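Worksheet: one structure, shown below.
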Amino acid sequence: MTQREIHFHQTTTLTPEQYVAGLTDFGPGREKLFGNSADEYLQVHHSARSDADVTEGSGGIWERLHYDWSDPNRVVLTTTDSNTWGGASGYVYTFSRQPKRDDRYRPGNRARGQEPQGTGARIRA
C-alpha cells in the first residue's frame, strides 16, 4: 500500500512560539482549540520540555501521539497507536515567518513617534 500525504497551508498572525504553545497545551479545555480532542479522551502519558506522549480523540475515535517540538520551526506528531489510523500516520507542522508588510507600523504600537490624529484610534498593520 502506498503512503499518501495531504498538505495544507495556512497563514496566521500567531508567532510560531504562540502556535506551539497552543498545540502543546494538554490541559483541560483543549477541546476548545481542537474540536477532535475531547477532554474525556485526553490522557497525558509523558510530558517533558520538548516532547510528550498523549492519547486524544472524540466520538469513539482516538489515537496515541508522540509530540516532538524540539525544533522551533517544526512540530512532529507521530501516531503510535490508534483505533482508526494505520502505521506511519502522523502530522507535521512546519512554521515559516513572513516578512512584515510595512516595518513602520506594529499592531498596538504608535507609528514612530507620531500621535494618531482625531479620536485617538490606533494605527494597525
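Please note that chains go A, B, ... in the order of the C-alpha cells, that every chain numbers its residues from 1, and that ligands are numbered from 1 in the order shown.
Residues with any atom within 6 Å of Ala52 of chain A, counting only C-alpha atoms and excluding same-chain neighbours fewer than 3 positions away, are His46, Ser47, His66 and Tyr67 of chain A.
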Using N, CA and C atoms, can you export the residues from the last selection as a JSON list (two decimals), in the first residue's frame?
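Writing the result to part22.json gives the following:
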[["chain", "number", "residue", "atom", "x", "y", "z"],
["A", 46, "HIS", "N", 3.19, 11.07, 29.18],
["A", 46, "HIS", "CA", 4.53, 11.63, 29.45],
["A", 46, "HIS", "C", 4.54, 13.05, 28.88],
["A", 47, "SER", "N", 5.15, 13.96, 29.61],
["A", 47, "SER", "CA", 5.31, 15.32, 29.12],
["A", 47, "SER", "C", 6.64, 15.88, 29.61],
["A", 66, "HIS", "N", 2.96, 10.77, 19.69],
["A", 66, "HIS", "CA", 4.19, 11.30, 20.27],
["A", 66, "HIS", "C", 4.40, 12.68, 19.64],
["A", 67, "TYR", "N", 4.39, 13.73, 20.47],
["A", 67, "TYR", "CA", 4.62, 15.10, 20.03],
["A", 67, "TYR", "C", 6.10, 15.42, 20.22]]
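Distance-wise, atom CA of Gly22 of chain A and atom CA of Phe34 of chain A end up 9.6 Å apart.
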Using only C-alpha atoms, pick whichever of A:Arg74, A:Glu17, A:Phe95, A:Thr24 has the shortest atom-to-atom distance to Ala48 of chain A.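 Looking only at the distances to Ala48 of chain A, the closest residue turns out to be A:Thr24.
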For a test of reading the model, state the distance in Å between atom CA of Gly29 of chain A and atom CA of Asp51 of chain A, rounded to one decimal.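 Atom CA of Asp51 of chain A lies at a distance of 19.9 Å from atom CA of Gly29 of chain A.
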Suppose you want the space between atom CA of Pro99 of chain A and atom CA of His9 of chain A; what is it in Å?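 Separation of atom CA of Pro99 of chain A and atom CA of His9 of chain A: 16.6 Å.
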Nearby residues (only C-alpha atoms) at most 12 Å from Ile61 of chain A, same-chain spacing under 4 positions excluded, as a PDB file with N, CA and C atoms, in the first residue's frame:
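What follows is the written file result-v5.pdb:
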ATOM      1  N   ASN A  36     -11.573  17.947  17.844  1.00  0.00           N
ATOM      2  CA  ASN A  36     -11.447  16.488  17.798  1.00  0.00           C
ATOM      3  C   ASN A  36     -10.613  15.945  18.951  1.00  0.00           C
ATOM      4  N   SER A  37     -10.411  16.759  19.969  1.00  0.00           N
ATOM      5  CA  SER A  37      -9.643  16.345  21.147  1.00  0.00           C
ATOM      6  C   SER A  37     -10.485  16.607  22.393  1.00  0.00           C
ATOM      7  N   ALA A  38     -11.480  15.759  22.624  1.00  0.00           N
ATOM      8  CA  ALA A  38     -12.394  15.930  23.755  1.00  0.00           C
ATOM      9  C   ALA A  38     -11.669  15.671  25.072  1.00  0.00           C
ATOM     10  N   TYR A  41     -11.280  12.158  26.543  1.00  0.00           N
ATOM     11  CA  TYR A  41     -10.354  11.230  25.895  1.00  0.00           C
ATOM     12  C   TYR A  41      -8.902  11.547  26.220  1.00  0.00           C
ATOM     13  N   LEU A  42      -8.636  12.745  26.677  1.00  0.00           N
ATOM     14  CA  LEU A  42      -7.264  13.224  26.837  1.00  0.00           C
ATOM     15  C   LEU A  42      -6.544  12.515  27.985  1.00  0.00           C
ATOM     16  N   THR A  55      -2.670  10.535  24.495  1.00  0.00           N
ATOM     17  CA  THR A  55      -3.803   9.922  23.813  1.00  0.00           C
ATOM     18  C   THR A  55      -4.922  10.946  23.778  1.00  0.00           C
ATOM     19  N   GLU A  56      -5.516  11.133  22.602  1.00  0.00           N
ATOM     20  CA  GLU A  56      -6.619  12.079  22.458  1.00  0.00           C
ATOM     21  C   GLU A  56      -7.557  11.616  21.360  1.00  0.00           C
ATOM     22  N   GLY A  57      -8.752  12.166  21.358  1.00  0.00           N
ATOM     23  CA  GLY A  57      -9.723  11.810  20.350  1.00  0.00           C
ATOM     24  C   GLY A  57     -11.104  12.323  20.716  1.00  0.00           C
ATOM     25  N   ASP A  81      -0.346   4.575  18.329  1.00  0.00           N
ATOM     26  CA  ASP A  81      -1.430   3.613  18.500  1.00  0.00           C
ATOM     27  C   ASP A  81      -2.737   4.328  18.158  1.00  0.00           C
ATOM     28  N   SER A  82      -3.708   3.590  17.640  1.00  0.00           N
ATOM     29  CA  SER A  82      -4.980   4.195  17.272  1.00  0.00           C
ATOM     30  C   SER A  82      -6.009   3.108  16.996  1.00  0.00           C
ATOM     31  N   ASN A  83      -7.272   3.443  17.200  1.00  0.00           N
ATOM     32  CA  ASN A  83      -8.323   2.504  16.812  1.00  0.00           C
ATOM     33  C   ASN A  83      -8.823   2.791  15.390  1.00  0.00           C
ATOM     34  N   THR A  84      -8.195   3.756  14.709  1.00  0.00           N
ATOM     35  CA  THR A  84      -8.609   4.129  13.361  1.00  0.00           C
ATOM     36  C   THR A  84      -7.446   4.225  12.379  1.00  0.00           C
ATOM     37  N   TRP A  85      -6.387   4.932  12.765  1.00  0.00           N
ATOM     38  CA  TRP A  85      -5.289   5.231  11.851  1.00  0.00           C
ATOM     39  C   TRP A  85      -4.271   4.100  11.823  1.00  0.00           C
TER      40      TRP A  85
END
Looking only at the backbone, which of the residues in segment 12-108 of chain A does DSSP tag as alpha helix (DSSP H), as JSON, numbers by chain? {"A": [16, 17, 18, 19, 20, 21, 22, 23, 30, 31, 32, 33]}
Write down as a ChimeraX atom specification the residues belonging to segment 29-101 of chain A that are assigned strand (DSSP E) by DSSP computed on the backbone. /A:43-47,51-58,61-71,74-82,90-94
Selected residues written out with N, CA and C atoms, as an mmCIF file, in the first residue's frame:
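This is the output file selection.cif:
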data_model
loop_
_atom_site.group_PDB
_atom_site.id
_atom_site.type_symbol
_atom_site.label_atom_id
_atom_site.label_comp_id
_atom_site.auth_asym_id
_atom_site.auth_seq_id
_atom_site.Cartn_x
_atom_site.Cartn_y
_atom_site.Cartn_z
ATOM 1 N N GLN A 43 -5.431 11.896 27.660
ATOM 2 C CA GLN A 43 -4.590 11.257 28.669
ATOM 3 C C GLN A 43 -3.132 11.554 28.332
ATOM 4 N N VAL A 44 -2.442 12.217 29.248
ATOM 5 C CA VAL A 44 -1.028 12.538 29.060
ATOM 6 C C VAL A 44 -0.212 11.445 29.741
ATOM 7 N N HIS A 45 0.507 10.671 28.940
ATOM 8 C CA HIS A 45 1.317 9.577 29.465
ATOM 9 C C HIS A 45 2.698 10.065 29.893
ATOM 10 N N HIS A 46 3.190 11.074 29.178
ATOM 11 C CA HIS A 46 4.529 11.629 29.447
ATOM 12 C C HIS A 46 4.545 13.045 28.884
ATOM 13 N N SER A 47 5.153 13.960 29.611
ATOM 14 C CA SER A 47 5.311 15.322 29.116
ATOM 15 C C SER A 47 6.636 15.881 29.610
ATOM 16 N N ASP A 51 8.855 17.341 24.302
ATOM 17 C CA ASP A 51 8.115 16.228 23.731
ATOM 18 C C ASP A 51 7.050 15.745 24.708
ATOM 19 N N ALA A 52 6.083 15.003 24.176
ATOM 20 C CA ALA A 52 5.010 14.458 25.006
ATOM 21 C C ALA A 52 4.435 13.223 24.327
ATOM 22 N N ASP A 53 3.832 12.377 25.147
ATOM 23 C CA ASP A 53 3.140 11.176 24.682
ATOM 24 C C ASP A 53 1.706 11.304 25.179
ATOM 25 N N VAL A 54 0.757 11.451 24.242
ATOM 26 C CA VAL A 54 -0.606 11.825 24.591
ATOM 27 C C VAL A 54 -1.613 10.976 23.809
ATOM 28 N N THR A 55 -2.670 10.535 24.495
ATOM 29 C CA THR A 55 -3.803 9.922 23.813
ATOM 30 C C THR A 55 -4.922 10.946 23.778
ATOM 31 N N GLU A 56 -5.516 11.133 22.602
ATOM 32 C CA GLU A 56 -6.619 12.079 22.458
ATOM 33 C C GLU A 56 -7.557 11.616 21.360
ATOM 34 N N GLY A 57 -8.752 12.166 21.358
ATOM 35 C CA GLY A 57 -9.723 11.810 20.350
ATOM 36 C C GLY A 57 -11.104 12.323 20.716
ATOM 37 N N SER A 58 -12.109 11.834 19.995
ATOM 38 C CA SER A 58 -13.506 12.199 20.266
ATOM 39 C C SER A 58 -14.408 11.291 19.443
ATOM 40 N N ILE A 61 -13.342 7.781 18.256
ATOM 41 C CA ILE A 61 -12.061 7.675 17.541
ATOM 42 C C ILE A 61 -10.968 8.258 18.427
ATOM 43 N N TRP A 62 -9.875 7.518 18.594
ATOM 44 C CA TRP A 62 -8.770 8.001 19.416
ATOM 45 C C TRP A 62 -7.443 7.619 18.760
ATOM 46 N N GLU A 63 -6.417 8.340 19.144
ATOM 47 C CA GLU A 63 -5.061 7.985 18.737
ATOM 48 C C GLU A 63 -4.077 8.427 19.798
ATOM 49 N N ARG A 64 -3.029 7.658 19.934
ATOM 50 C CA ARG A 64 -1.930 7.998 20.827
ATOM 51 C C ARG A 64 -0.830 8.589 19.966
ATOM 52 N N LEU A 65 -0.382 9.768 20.356
ATOM 53 C CA LEU A 65 0.585 10.516 19.554
ATOM 54 C C LEU A 65 1.829 10.850 20.363
ATOM 55 N N HIS A 66 2.960 10.768 19.694
ATOM 56 C CA HIS A 66 4.193 11.301 20.267
ATOM 57 C C HIS A 66 4.396 12.678 19.639
ATOM 58 N N TYR A 67 4.393 13.726 20.471
ATOM 59 C CA TYR A 67 4.624 15.098 20.026
ATOM 60 C C TYR A 67 6.100 15.416 20.221
ATOM 61 N N ASP A 68 6.734 15.989 19.199
ATOM 62 C CA ASP A 68 8.133 16.424 19.303
ATOM 63 C C ASP A 68 8.225 17.850 18.784
ATOM 64 N N TRP A 69 8.519 18.798 19.680
ATOM 65 C CA TRP A 69 8.672 20.191 19.289
ATOM 66 C C TRP A 69 10.072 20.695 19.640
ATOM 67 N N SER A 70 11.071 19.818 19.506
ATOM 68 C CA SER A 70 12.458 20.197 19.799
ATOM 69 C C SER A 70 13.024 21.171 18.769
ATOM 70 N N ASP A 71 12.471 21.186 17.568
ATOM 71 C CA ASP A 71 12.862 22.140 16.526
ATOM 72 C C ASP A 71 11.876 23.306 16.582
ATOM 73 N N ARG A 74 9.239 23.562 13.738
ATOM 74 C CA ARG A 74 8.524 22.363 13.302
ATOM 75 C C ARG A 74 8.051 21.549 14.504
ATOM 76 N N VAL A 75 6.841 21.021 14.412
ATOM 77 C CA VAL A 75 6.319 20.088 15.410
ATOM 78 C C VAL A 75 5.913 18.817 14.662
ATOM 79 N N VAL A 76 6.408 17.685 15.149
ATOM 80 C CA VAL A 76 6.115 16.402 14.521
ATOM 81 C C VAL A 76 5.262 15.574 15.473
ATOM 82 N N LEU A 77 4.114 15.112 14.980
ATOM 83 C CA LEU A 77 3.230 14.239 15.742
ATOM 84 C C LEU A 77 3.247 12.880 15.056
ATOM 85 N N THR A 78 3.656 11.852 15.771
ATOM 86 C CA THR A 78 3.715 10.507 15.222
ATOM 87 C C THR A 78 2.683 9.638 15.931
ATOM 88 N N THR A 79 1.800 9.013 15.164
ATOM 89 C CA THR A 79 0.801 8.124 15.737
ATOM 90 C C THR A 79 1.488 6.831 16.166
ATOM 91 N N THR A 80 1.361 6.504 17.471
ATOM 92 C CA THR A 80 1.970 5.282 17.986
ATOM 93 C C THR A 80 0.931 4.192 18.238
ATOM 94 N N ASP A 81 -0.346 4.575 18.329
ATOM 95 C CA ASP A 81 -1.430 3.613 18.500
ATOM 96 C C ASP A 81 -2.737 4.328 18.158
ATOM 97 N N SER A 82 -3.708 3.590 17.640
ATOM 98 C CA SER A 82 -4.980 4.195 17.272
ATOM 99 C C SER A 82 -6.009 3.108 16.996
ATOM 100 N N GLY A 90 0.606 10.337 11.004
ATOM 101 C CA GLY A 90 1.058 11.450 11.829
ATOM 102 C C GLY A 90 0.832 12.776 11.141
ATOM 103 N N TYR A 91 1.386 13.798 11.753
ATOM 104 C CA TYR A 91 1.219 15.168 11.286
ATOM 105 C C TYR A 91 2.548 15.887 11.449
ATOM 106 N N VAL A 92 2.810 16.824 10.550
ATOM 107 C CA VAL A 92 3.991 17.677 10.676
ATOM 108 C C VAL A 92 3.530 19.121 10.493
ATOM 109 N N TYR A 93 3.800 19.950 11.493
ATOM 110 C CA TYR A 93 3.517 21.381 11.417
ATOM 111 C C TYR A 93 4.854 22.073 11.198
ATOM 112 N N THR A 94 4.993 22.769 10.069
ATOM 113 C CA THR A 94 6.212 23.498 9.754
ATOM 114 C C THR A 94 5.884 24.987 9.723
#
